[in-house]
$ cat entry04.cif   # mmCIF, C-alpha atoms
data_target
#
loop_
_atom_site.label_atom_id
_atom_site.label_comp_id
_atom_site.auth_asym_id
_atom_site.auth_seq_id
_atom_site.Cartn_x
_atom_site.Cartn_y
_atom_site.Cartn_z
CA MET A 1 5.74 9.41 -4.63
CA LYS A 2 3.53 8.54 -1.68
CA ILE A 3 3.84 5.02 -0.24
CA ALA A 4 1.68 3.46 2.48
CA ILE A 5 3.25 0.65 4.51
CA SER A 6 1.59 -1.70 6.98
CA GLY A 7 4.05 -3.19 9.46
CA SER A 8 6.19 -0.08 9.07
CA THR A 9 7.47 -0.31 12.67
CA GLY A 10 8.82 -3.83 12.20
CA PHE A 11 12.36 -4.82 11.24
CA ILE A 12 11.82 -4.79 7.45
CA GLY A 13 9.35 -1.92 7.61
CA ARG A 14 11.86 0.36 9.32
CA HIS A 15 14.50 -0.38 6.70
CA LEU A 16 12.07 0.16 3.84
CA SER A 17 10.71 3.39 5.28
CA ARG A 18 14.21 4.79 5.69
CA SER A 19 15.21 3.67 2.19
CA PHE A 20 12.21 5.43 0.63
CA THR A 21 12.45 8.65 2.65
CA GLU A 22 16.15 8.96 1.86
CA ARG A 23 15.15 9.01 -1.82
CA GLY A 24 12.61 11.79 -1.33
CA MET A 25 9.48 9.63 -1.14
CA THR A 26 6.73 10.13 1.42
CA VAL A 27 5.98 7.13 3.65
CA ILE A 28 2.56 6.80 5.28
CA PRO A 29 2.60 4.28 8.14
CA LEU A 30 -0.55 2.17 8.44
CA LEU A 31 -0.78 1.75 12.19
CA HIS A 32 -2.26 -1.08 14.24
CA TYR A 33 -5.25 0.89 15.50
CA MET A 34 -6.40 1.51 11.92
CA PHE A 35 -6.98 -2.22 11.48
CA MET A 36 -8.60 -2.68 14.90
CA SER A 37 -11.26 -0.01 14.39
CA ALA A 38 -14.84 -1.06 13.70
CA THR A 39 -14.78 1.08 10.55
CA ASP A 40 -12.15 1.59 7.87
CA THR A 41 -12.37 5.40 8.00
CA ALA A 42 -8.85 5.94 9.40
CA LEU A 43 -7.37 3.35 7.06
CA ARG A 44 -9.02 4.84 3.97
CA LYS A 45 -7.89 8.32 5.00
CA ALA A 46 -4.28 7.14 5.35
CA LEU A 47 -4.43 5.37 1.98
CA SER A 48 -5.95 8.33 0.15
CA GLY A 49 -3.62 9.70 -2.51
CA CYS A 50 -1.05 6.91 -2.15
CA ASP A 51 0.66 5.71 -5.32
CA MET A 52 1.75 2.43 -3.82
CA VAL A 53 0.90 0.19 -0.85
CA ILE A 54 3.22 -2.36 0.78
CA ASN A 55 1.70 -4.91 3.14
CA LEU A 56 4.25 -6.24 5.66
CA ALA A 57 1.95 -6.89 8.61
CA GLY A 58 2.34 -10.13 10.56
CA THR A 59 3.40 -11.28 14.02
CA PRO A 60 6.63 -13.35 14.29
CA ILE A 61 6.34 -17.07 13.59
CA ASN A 62 9.43 -18.17 15.56
CA CYS A 63 7.54 -18.93 18.75
CA ARG A 64 5.85 -21.87 20.43
CA TRP A 65 2.80 -22.68 18.34
CA THR A 66 0.15 -22.70 21.00
CA ARG A 67 -3.45 -22.33 19.88
CA GLU A 68 -3.30 -18.66 20.87
CA ASN A 69 -0.09 -18.03 18.93
CA ARG A 70 -1.37 -19.89 15.86
CA THR A 71 -4.44 -17.66 15.88
CA ALA A 72 -2.29 -14.53 16.19
CA ILE A 73 -0.01 -15.66 13.35
CA PHE A 74 -3.01 -16.35 11.12
CA GLU A 75 -5.15 -13.34 11.99
CA SER A 76 -2.30 -10.81 11.85
CA ARG A 77 -1.76 -11.79 8.21
CA ILE A 78 -5.05 -12.91 6.74
CA THR A 79 -7.49 -10.58 8.51
CA THR A 80 -5.16 -7.59 8.19
CA THR A 81 -4.64 -8.20 4.48
CA ARG A 82 -8.41 -8.62 3.96
CA LYS A 83 -9.13 -5.28 5.66
CA LEU A 84 -6.36 -3.55 3.73
CA VAL A 85 -7.54 -4.90 0.37
CA ASN A 86 -11.14 -3.94 1.09
CA ALA A 87 -10.08 -0.42 2.02
CA ILE A 88 -7.96 -0.05 -1.14
CA ASN A 89 -10.76 -1.38 -3.34
CA SER A 90 -13.18 1.18 -1.89
CA LEU A 91 -11.00 4.17 -2.80
CA PRO A 92 -12.23 6.37 -5.65
CA VAL A 93 -8.63 6.83 -6.80
CA LYS A 94 -6.60 3.70 -6.26
CA PRO A 95 -2.83 3.11 -6.02
CA TYR A 96 -1.15 1.71 -9.10
CA LEU A 97 0.86 -0.94 -7.20
CA PHE A 98 0.12 -3.26 -4.27
CA ILE A 99 2.99 -5.36 -2.89
CA SER A 100 1.89 -7.94 -0.34
CA VAL A 101 4.55 -10.06 1.30
CA SER A 102 4.31 -13.78 1.83
CA ALA A 103 7.02 -16.30 2.68
CA VAL A 104 8.96 -19.17 1.15
CA GLY A 105 7.28 -21.32 3.79
CA ILE A 106 4.55 -21.88 1.22
CA TYR A 107 6.88 -24.31 -0.57
CA PRO A 108 7.51 -27.91 0.58
CA ALA A 109 10.68 -28.77 2.46
CA HIS A 110 12.08 -31.07 -0.25
CA GLY A 111 13.06 -29.99 -3.75
CA ILE A 112 14.09 -26.70 -5.35
CA TYR A 113 11.29 -24.28 -6.21
CA THR A 114 10.78 -21.26 -8.46
CA GLU A 115 7.74 -19.07 -9.01
CA LYS A 116 6.54 -21.60 -11.59
CA SER A 117 6.19 -24.31 -8.94
CA ILE A 118 2.66 -25.26 -7.93
CA ASP A 119 3.57 -27.60 -5.06
CA ARG A 120 2.58 -26.30 -1.63
CA ASP A 121 3.57 -27.25 1.91
CA ASP A 122 0.69 -29.09 3.55
CA GLY A 123 1.47 -27.89 7.08
CA PHE A 124 0.51 -24.82 9.09
CA LEU A 125 2.97 -22.46 7.36
CA GLY A 126 1.85 -23.51 3.92
CA SER A 127 -1.77 -22.94 4.91
CA VAL A 128 -1.05 -19.50 6.36
CA CYS A 129 0.83 -18.40 3.25
CA TYR A 130 -1.85 -19.76 0.92
CA HIS A 131 -4.68 -17.90 2.65
CA TRP A 132 -2.50 -14.79 3.04
CA GLU A 133 -1.85 -14.68 -0.69
CA SER A 134 -5.49 -15.49 -1.49
CA GLU A 135 -6.61 -12.35 0.34
CA ALA A 136 -4.07 -10.22 -1.54
CA LYS A 137 -5.34 -11.57 -4.86
CA LYS A 138 -8.74 -9.96 -4.17
CA ILE A 139 -7.25 -6.55 -5.00
CA ALA A 140 -9.23 -4.64 -7.63
CA PRO A 141 -8.45 -5.22 -11.32
CA GLY A 142 -6.18 -2.53 -12.70
CA ILE A 143 -3.94 -2.44 -9.63
CA ARG A 144 -0.63 -4.18 -10.26
CA LEU A 145 -0.30 -6.92 -7.66
CA VAL A 146 3.05 -8.35 -6.56
CA ILE A 147 3.19 -11.14 -4.00
CA SER A 148 6.74 -11.21 -2.69
CA ARG A 149 7.73 -14.48 -1.05
CA LEU A 150 10.51 -13.67 1.39
CA GLY A 151 13.29 -15.90 2.56
CA VAL A 152 15.23 -15.22 5.77
CA VAL A 153 16.27 -11.57 5.64
CA LEU A 154 19.85 -11.14 6.85
CA ALA A 155 20.90 -7.91 8.55
CA SER A 156 23.28 -6.98 11.33
CA ASP A 157 20.77 -4.84 13.25
CA GLY A 158 17.76 -7.12 13.54
CA GLY A 159 15.89 -10.10 12.22
CA ALA A 160 17.17 -13.64 12.66
CA LEU A 161 20.88 -13.20 11.95
CA PRO A 162 22.16 -11.77 15.27
CA LYS A 163 20.58 -14.69 17.16
CA MET A 164 21.87 -17.21 14.64
CA LEU A 165 25.43 -15.91 14.99
CA LEU A 166 25.45 -15.74 18.77
CA PRO A 167 26.52 -19.39 19.37
CA PHE A 168 29.41 -18.95 16.95
CA ARG A 169 30.63 -15.86 18.79
CA TYR A 170 30.85 -18.00 21.95
CA TYR A 171 32.62 -20.88 20.17
CA ILE A 172 29.61 -23.18 20.35
CA GLY A 173 28.43 -22.86 16.76
CA GLY A 174 27.23 -25.73 14.62
CA HIS A 175 24.42 -27.03 12.46
CA ILE A 176 20.89 -27.99 13.46
CA ALA A 177 19.68 -31.61 13.24
CA THR A 178 20.90 -33.17 9.97
CA GLY A 179 21.96 -29.79 8.60
CA ARG A 180 20.47 -30.75 5.24
CA GLN A 181 17.36 -28.59 5.58
CA GLY A 182 17.05 -25.75 3.09
CA PHE A 183 17.99 -22.19 3.95
CA SER A 184 16.76 -19.56 1.50
CA TRP A 185 17.94 -16.09 2.44
CA ILE A 186 18.46 -12.54 1.17
CA HIS A 187 20.72 -9.69 2.31
CA ILE A 188 18.76 -6.67 3.57
CA ASP A 189 20.38 -4.41 0.94
CA ASP A 190 19.24 -6.71 -1.85
CA LEU A 191 15.75 -6.86 -0.36
CA LEU A 192 15.47 -3.07 -0.41
CA SER A 193 16.92 -2.86 -3.91
CA ALA A 194 14.58 -5.58 -5.14
CA PHE A 195 11.55 -3.66 -3.87
CA ARG A 196 12.71 -0.58 -5.77
CA PHE A 197 13.43 -2.73 -8.84
CA ILE A 198 9.86 -4.08 -8.73
CA MET A 199 8.49 -0.55 -8.39
CA HIS A 200 10.23 0.60 -11.56
CA ASN A 201 9.57 -2.48 -13.68
CA PRO A 202 5.83 -2.55 -14.47
CA GLU A 203 6.08 -5.90 -16.27
CA LEU A 204 6.69 -7.57 -12.91
CA SER A 205 3.50 -8.78 -11.27
CA GLY A 206 2.27 -11.88 -9.52
CA VAL A 207 4.52 -14.07 -7.37
CA ILE A 208 8.18 -13.06 -7.02
CA ASN A 209 10.64 -14.92 -4.81
CA LEU A 210 12.76 -12.45 -2.84
CA VAL A 211 15.70 -14.70 -2.08
CA ALA A 212 19.36 -14.80 -3.09
CA PRO A 213 20.27 -16.99 -6.10
CA GLN A 214 22.18 -19.36 -3.79
CA PRO A 215 19.79 -21.60 -1.84
CA ILE A 216 21.92 -23.40 0.72
CA THR A 217 21.57 -25.88 3.57
CA ASN A 218 21.71 -25.14 7.27
CA LYS A 219 25.10 -26.87 7.41
CA GLU A 220 26.44 -24.66 4.61
CA PHE A 221 25.22 -21.59 6.47
CA SER A 222 26.99 -22.80 9.61
CA GLY A 223 30.25 -23.24 7.71
CA ALA A 224 30.00 -19.78 6.19
CA ALA A 225 29.16 -18.21 9.58
CA ALA A 226 32.13 -19.93 11.21
CA GLU A 227 34.45 -18.71 8.48
CA ALA A 228 33.16 -15.12 8.62
CA LEU A 229 33.59 -14.97 12.42
CA GLU A 230 36.77 -17.09 12.48
CA ARG A 231 35.14 -19.52 14.87
CA PRO A 232 34.59 -23.29 14.79
CA ALA A 233 31.35 -24.97 13.71
CA TRP A 234 31.80 -28.22 15.56
CA LEU A 235 28.48 -28.89 17.28
CA MET A 236 25.27 -30.56 16.15
CA TYR A 237 22.14 -29.32 17.86
CA PRO A 238 19.55 -32.16 17.88
CA SER A 239 16.04 -31.37 16.73
CA PHE A 240 14.45 -32.45 20.04
CA ILE A 241 15.85 -29.33 21.72
CA PHE A 242 13.82 -27.13 19.40
CA LYS A 243 10.76 -29.37 19.70
CA LEU A 244 10.88 -28.82 23.45
CA MET A 245 11.28 -25.06 22.97
CA TYR A 246 8.78 -24.44 20.19
CA GLY A 247 6.49 -27.46 19.99
CA ALA A 248 5.12 -27.77 16.46
CA GLY A 249 6.79 -24.45 15.70
CA HIS A 250 10.17 -26.20 15.66
CA VAL A 251 9.81 -26.51 11.87
CA THR A 252 10.80 -22.84 11.55
CA VAL A 253 14.26 -23.91 12.77
CA THR A 254 14.59 -27.60 11.90
CA GLY A 255 12.92 -27.31 8.49
CA GLY A 256 13.48 -25.09 5.48
CA GLN A 257 13.11 -24.65 1.74
CA HIS A 258 15.36 -24.39 -1.30
CA VAL A 259 13.97 -21.50 -3.35
CA PHE A 260 15.33 -19.78 -6.48
CA PRO A 261 14.57 -16.17 -7.62
CA LEU A 262 13.90 -17.00 -11.27
CA ARG A 263 11.72 -14.00 -12.06
CA LEU A 264 14.07 -11.39 -10.59
CA LEU A 265 17.01 -12.82 -12.49
CA THR A 266 15.04 -13.09 -15.73
CA ALA A 267 13.98 -9.46 -15.37
CA GLY A 268 17.63 -8.40 -15.05
CA TYR A 269 18.03 -7.81 -11.33
CA ASP A 270 21.72 -7.94 -10.36
CA PHE A 271 22.24 -9.20 -6.82
CA ARG A 272 24.81 -7.28 -4.81
CA TYR A 273 25.19 -10.23 -2.41
CA PRO A 274 24.55 -13.41 -4.42
CA THR A 275 26.47 -15.76 -2.10
CA ILE A 276 26.22 -16.40 1.61
CA LYS A 277 29.96 -15.93 2.00
CA LYS A 278 29.83 -12.43 0.56
CA ALA A 279 26.72 -11.54 2.58
CA LEU A 280 28.13 -12.69 5.92
CA HIS A 281 31.49 -11.03 5.38
CA ASN A 282 29.58 -7.78 4.89
CA LEU A 283 27.34 -8.27 7.92
CA THR A 284 29.83 -9.53 10.50
#

$ encode --input "entry04.cif" --output "structure tokens"
Amino acid sequence: MKIAISGSTGFIGRHLSRSFTERGMTVIPLLHYMFMSATDTALRKALSGCDMVINLAGTPINCRWTRENRTAIFESRITTTRKLVNAINSLPVKPYLFISVSAVGIYPAHGIYTEKSIDRDDGFLGSVCYHWESEAKKIAPGIRLVISRLGVVLASDGGALPKMLLPFRYYIGGHIATGRQGFSWIHIDDLLSAFRFIMHNPELSGVINLVAPQPITNKEFSGAAAEALERPAWLMYPSFIFKLMYGAGHVTVTGGQHVFPLRLLTAGYDFRYPTIKKALHNLT
């Protein structure tokens, strides 16, 4: 099997590429210059003969949301996805599966949401995710489309977790603001397994939440992190600290969603790490 991946050099992309190559699959990285070119010649050449395409491209959102950074966050997802979809649609022989990632940030901050939910966050993140997914939906008929809405991916070698655990390692761990904000997450091993599960289950298409079946709060995460590291969780970090650091982007830290993976569970996916306690004991 031949799989093209945009964002292959990123944290998730590296893990996915390694997971596929270890199973004898051929990974074709879709590199940045292919999307910056005035023509799609290089992109179409890389996509030629691919059975499957995974779209992971997107600059990090955990930054100060200046006008420049907002533009980069938006363009790196929407414009890149548009160019990728156009290139795929122009191929004489098209891949059978297109997986385009999105994020649980599309959901509002209050309530518990599944793939059946139609409510959408009315802020910047919700808008980015909505337009991101809209571009993916322009894929040609006949190509199975999966829009995977990711929660926070937990791994010991990258992503958000090492930074989140650092205060606990120095005995200054605690929750953020009220601690009641949602925290939807998934262990990196389950993320990789879920991608393979989607590949081999052709009935799965459309929106799929890639999160663990235990949506928790920030305070519950803090308690589990403290237990896993045998450290206290005694501090409360006020939200104004993150507002000073990130401006409007503070919502990536002080906000959050409660999201449930209904479609994966209904399809029979068995999570290896269904609880935050089990995940953190494996990763710490």

$ atom_distance --input "entry04.cif" --atom1 "atom CA of Val104 of chain A" --atom2 "atom CA of Gly126 of chain A"
8.8 Å

$ residues_near_point --input "entry04.cif" --point "(34.6, -20.5, 9.1)" --cutoff "12 Å" --atoms "only C-alpha atoms" --output "mmCIF file with C-alpha atoms, in the frame of the given file"
data_model
loop_
_atom_site.group_PDB
_atom_site.id
_atom_site.type_symbol
_atom_site.label_atom_id
_atom_site.label_comp_id
_atom_site.auth_asym_id
_atom_site.auth_seq_id
_atom_site.Cartn_x
_atom_site.Cartn_y
_atom_site.Cartn_z
ATOM 1 C CA LEU A 165 25.430 -15.910 14.990
ATOM 2 C CA PHE A 168 29.410 -18.950 16.950
ATOM 3 C CA ARG A 169 30.630 -15.860 18.790
ATOM 4 C CA TYR A 171 32.620 -20.880 20.170
ATOM 5 C CA GLY A 173 28.430 -22.860 16.760
ATOM 6 C CA GLY A 174 27.230 -25.730 14.620
ATOM 7 C CA LYS A 219 25.100 -26.870 7.410
ATOM 8 C CA GLU A 220 26.440 -24.660 4.610
ATOM 9 C CA PHE A 221 25.220 -21.590 6.470
ATOM 10 C CA SER A 222 26.990 -22.800 9.610
ATOM 11 C CA GLY A 223 30.250 -23.240 7.710
ATOM 12 C CA ALA A 224 30.000 -19.780 6.190
ATOM 13 C CA ALA A 225 29.160 -18.210 9.580
ATOM 14 C CA ALA A 226 32.130 -19.930 11.210
ATOM 15 C CA GLU A 227 34.450 -18.710 8.480
ATOM 16 C CA ALA A 228 33.160 -15.120 8.620
ATOM 17 C CA LEU A 229 33.590 -14.970 12.420
ATOM 18 C CA GLU A 230 36.770 -17.090 12.480
ATOM 19 C CA ARG A 231 35.140 -19.520 14.870
ATOM 20 C CA PRO A 232 34.590 -23.290 14.790
ATOM 21 C CA ALA A 233 31.350 -24.970 13.710
ATOM 22 C CA TRP A 234 31.800 -28.220 15.560
ATOM 23 C CA ILE A 276 26.220 -16.400 1.610
ATOM 24 C CA LYS A 277 29.960 -15.930 2.000
ATOM 25 C CA LEU A 280 28.130 -12.690 5.920
ATOM 26 C CA HIS A 281 31.490 -11.030 5.380
#

$ resolve_selection --input "entry04.cif" --expression "the PyMOL selection byres ((chain A and resi 241) around 12)" --output "list of chain:residue names"
A:Ile176, A:Ala177, A:Met236, A:Tyr237, A:Pro238, A:Ser239, A:Phe240, A:Phe242, A:Lys243, A:Leu244, A:Met245, A:Tyr246, A:Gly247, A:Gly249, A:His250, A:Val251, A:Val253, A:Thr254

$ resolve_selection --input "entry04.cif" --expression "the PyMOL selection byres ((chain A and resi 111-123) around 7)" --output "PyMOL selection string"
chain A and resi 106-110+124-127+207-209+258-262

$ resolve_selection --input "entry04.cif" --expression "the PyMOL selection byres ((chain A and resi 94) around 8)" --output "short mmCIF file (atom, residue, chain, number, x, y, z; two decimals) with C-alpha atoms, keeping the file's coordinate frame"
data_model
loop_
_atom_site.label_atom_id
_atom_site.label_comp_id
_atom_site.auth_asym_id
_atom_site.auth_seq_id
_atom_site.Cartn_x
_atom_site.Cartn_y
_atom_site.Cartn_z
CA SER A 48 -5.95 8.33 0.15
CA GLY A 49 -3.62 9.70 -2.51
CA CYS A 50 -1.05 6.91 -2.15
CA ASP A 51 0.66 5.71 -5.32
CA ILE A 88 -7.96 -0.05 -1.14
CA ASN A 89 -10.76 -1.38 -3.34
CA LEU A 91 -11.00 4.17 -2.80
CA PRO A 92 -12.23 6.37 -5.65
CA VAL A 93 -8.63 6.83 -6.80
CA PRO A 95 -2.83 3.11 -6.02
CA TYR A 96 -1.15 1.71 -9.10
CA ILE A 143 -3.94 -2.44 -9.63
#

$ atom_distance --input "entry04.cif" --atom1 "atom CA of Gly182 of chain A" --atom2 "atom CA of Met199 of chain A"
29.0 Å

$ atom_distance --input "entry04.cif" --atom1 "atom CA of Asn62 of chain A" --atom2 "atom CA of Val128 of chain A"
14.0 Å

$ closest_residue --input "entry04.cif" --among "A:Ser184, A:Gly256, A:Met52, A:Arg272" --to "His200 of chain A" --atoms "only C-alpha atoms"
A:Met52

$ residues_near_point --input "entry04.cif" --point "(2.4, 1.0, 8.8)" --cutoff "6 Å" --atoms "all atoms listed in the file" --output "PDB file with C-alpha atoms, keeping the file's coordinate frame"
ATOM      1  CA  ILE A   5       3.250   0.650   4.510  1.00  0.00           C
ATOM      2  CA  SER A   6       1.590  -1.700   6.980  1.00  0.00           C
ATOM      3  CA  GLY A   7       4.050  -3.190   9.460  1.00  0.00           C
ATOM      4  CA  SER A   8       6.190  -0.080   9.070  1.00  0.00           C
ATOM      5  CA  PRO A  29       2.600   4.280   8.140  1.00  0.00           C
ATOM      6  CA  LEU A  30      -0.550   2.170   8.440  1.00  0.00           C
ATOM      7  CA  LEU A  31      -0.780   1.750  12.190  1.00  0.00           C
TER       8      LEU A  31
END

$ closest_residue --input "entry04.cif" --among "A:Ala87, A:Ala4, A:Ile28, A:Ile12" --to "Leu154 of chain A" --atoms "all atoms listed in the file"
A:Ile12

$ residues_around --input "entry04.cif" --residues "Ser90 of chain A" --least-positions-apart "4" --cutoff "10 Å" --atoms "only C-alpha atoms" --output "list in words"
Asp40, Arg44, Val85, Asn86, Lys94 and Ala140 of chain A

$ closest_residue --input "entry04.cif" --among "A:Ile139, A:Leu84, A:Ile99, A:Leu283" --to "Leu43 of chain A" --atoms "all atoms listed in the file"
A:Leu84

$ closest_residue --input "entry04.cif" --among "A:Pro167, A:Gly24, A:Gly268, A:Gly10" --to "Glu203 of chain A" --atoms "only C-alpha atoms"
A:Gly268

$ closest_residue --input "entry04.cif" --among "A:Val211, A:Ala42, A:Val27, A:Ile188" --to "Gly158 of chain A" --atoms "only C-alpha atoms"
A:Ile188

$ closest_residue --input "entry04.cif" --among "A:Thr9, A:Thr80, A:Thr275, A:Ser19" --to "Arg196 of chain A" --atoms "all atoms listed in the file"
A:Ser19

$ build_atoms --input "entry04.cif" --residues "segment 217-226 of chain A" --atoms "all heavy atoms" --output "short mmCIF file (atom, residue, chain, number, x, y, z; two decimals), in the coordinates of the input"
data_model
loop_
_atom_site.label_atom_id
_atom_site.label_comp_id
_atom_site.auth_asym_id
_atom_site.auth_seq_id
_atom_site.Cartn_x
_atom_site.Cartn_y
_atom_site.Cartn_z
N THR A 217 22.06 -25.08 2.45
CA THR A 217 21.57 -25.88 3.57
C THR A 217 21.96 -25.20 4.88
O THR A 217 22.81 -24.30 4.92
CB THR A 217 22.17 -27.29 3.56
OG1 THR A 217 23.59 -27.19 3.75
CG2 THR A 217 21.88 -28.00 2.25
N ASN A 218 21.36 -25.66 5.96
CA ASN A 218 21.71 -25.14 7.27
C ASN A 218 23.19 -25.40 7.59
O ASN A 218 23.87 -24.55 8.18
CB ASN A 218 20.82 -25.79 8.33
CG ASN A 218 21.20 -25.41 9.74
OD1 ASN A 218 21.94 -26.13 10.41
ND2 ASN A 218 20.72 -24.27 10.20
N LYS A 219 23.70 -26.55 7.16
CA LYS A 219 25.10 -26.87 7.41
C LYS A 219 26.02 -25.95 6.62
O LYS A 219 27.07 -25.52 7.12
CB LYS A 219 25.37 -28.33 7.05
CG LYS A 219 26.69 -28.85 7.61
CD LYS A 219 26.77 -30.37 7.47
CE LYS A 219 28.01 -30.91 8.17
NZ LYS A 219 28.07 -32.40 8.11
N GLU A 220 25.64 -25.59 5.41
CA GLU A 220 26.44 -24.66 4.61
C GLU A 220 26.42 -23.27 5.23
O GLU A 220 27.44 -22.57 5.23
CB GLU A 220 25.92 -24.64 3.18
CG GLU A 220 26.25 -25.90 2.40
CD GLU A 220 25.54 -25.98 1.07
OE1 GLU A 220 24.40 -25.45 0.95
OE2 GLU A 220 26.10 -26.58 0.13
N PHE A 221 25.27 -22.87 5.76
CA PHE A 221 25.22 -21.59 6.47
C PHE A 221 26.16 -21.61 7.67
O PHE A 221 26.90 -20.64 7.91
CB PHE A 221 23.81 -21.26 6.95
CG PHE A 221 23.76 -20.09 7.89
CD1 PHE A 221 23.78 -18.80 7.42
CD2 PHE A 221 23.76 -20.29 9.28
CE1 PHE A 221 23.78 -17.71 8.29
CE2 PHE A 221 23.76 -19.22 10.15
CZ PHE A 221 23.77 -17.93 9.65
N SER A 222 26.14 -22.69 8.42
CA SER A 222 26.99 -22.80 9.61
C SER A 222 28.47 -22.68 9.23
O SER A 222 29.24 -22.00 9.92
CB SER A 222 26.74 -24.13 10.32
OG SER A 222 25.41 -24.19 10.79
N GLY A 223 28.86 -23.33 8.15
CA GLY A 223 30.25 -23.24 7.71
C GLY A 223 30.62 -21.83 7.31
O GLY A 223 31.72 -21.35 7.64
N ALA A 224 29.73 -21.15 6.61
CA ALA A 224 30.00 -19.78 6.19
C ALA A 224 30.05 -18.83 7.39
O ALA A 224 30.88 -17.91 7.44
CB ALA A 224 28.94 -19.32 5.19
N ALA A 225 29.16 -19.04 8.38
CA ALA A 225 29.16 -18.21 9.58
C ALA A 225 30.45 -18.40 10.37
O ALA A 225 31.05 -17.44 10.86
CB ALA A 225 27.95 -18.54 10.44
N ALA A 226 30.89 -19.65 10.49
CA ALA A 226 32.13 -19.93 11.21
C ALA A 226 33.32 -19.27 10.53
O ALA A 226 34.20 -18.70 11.19
CB ALA A 226 32.34 -21.45 11.29
#
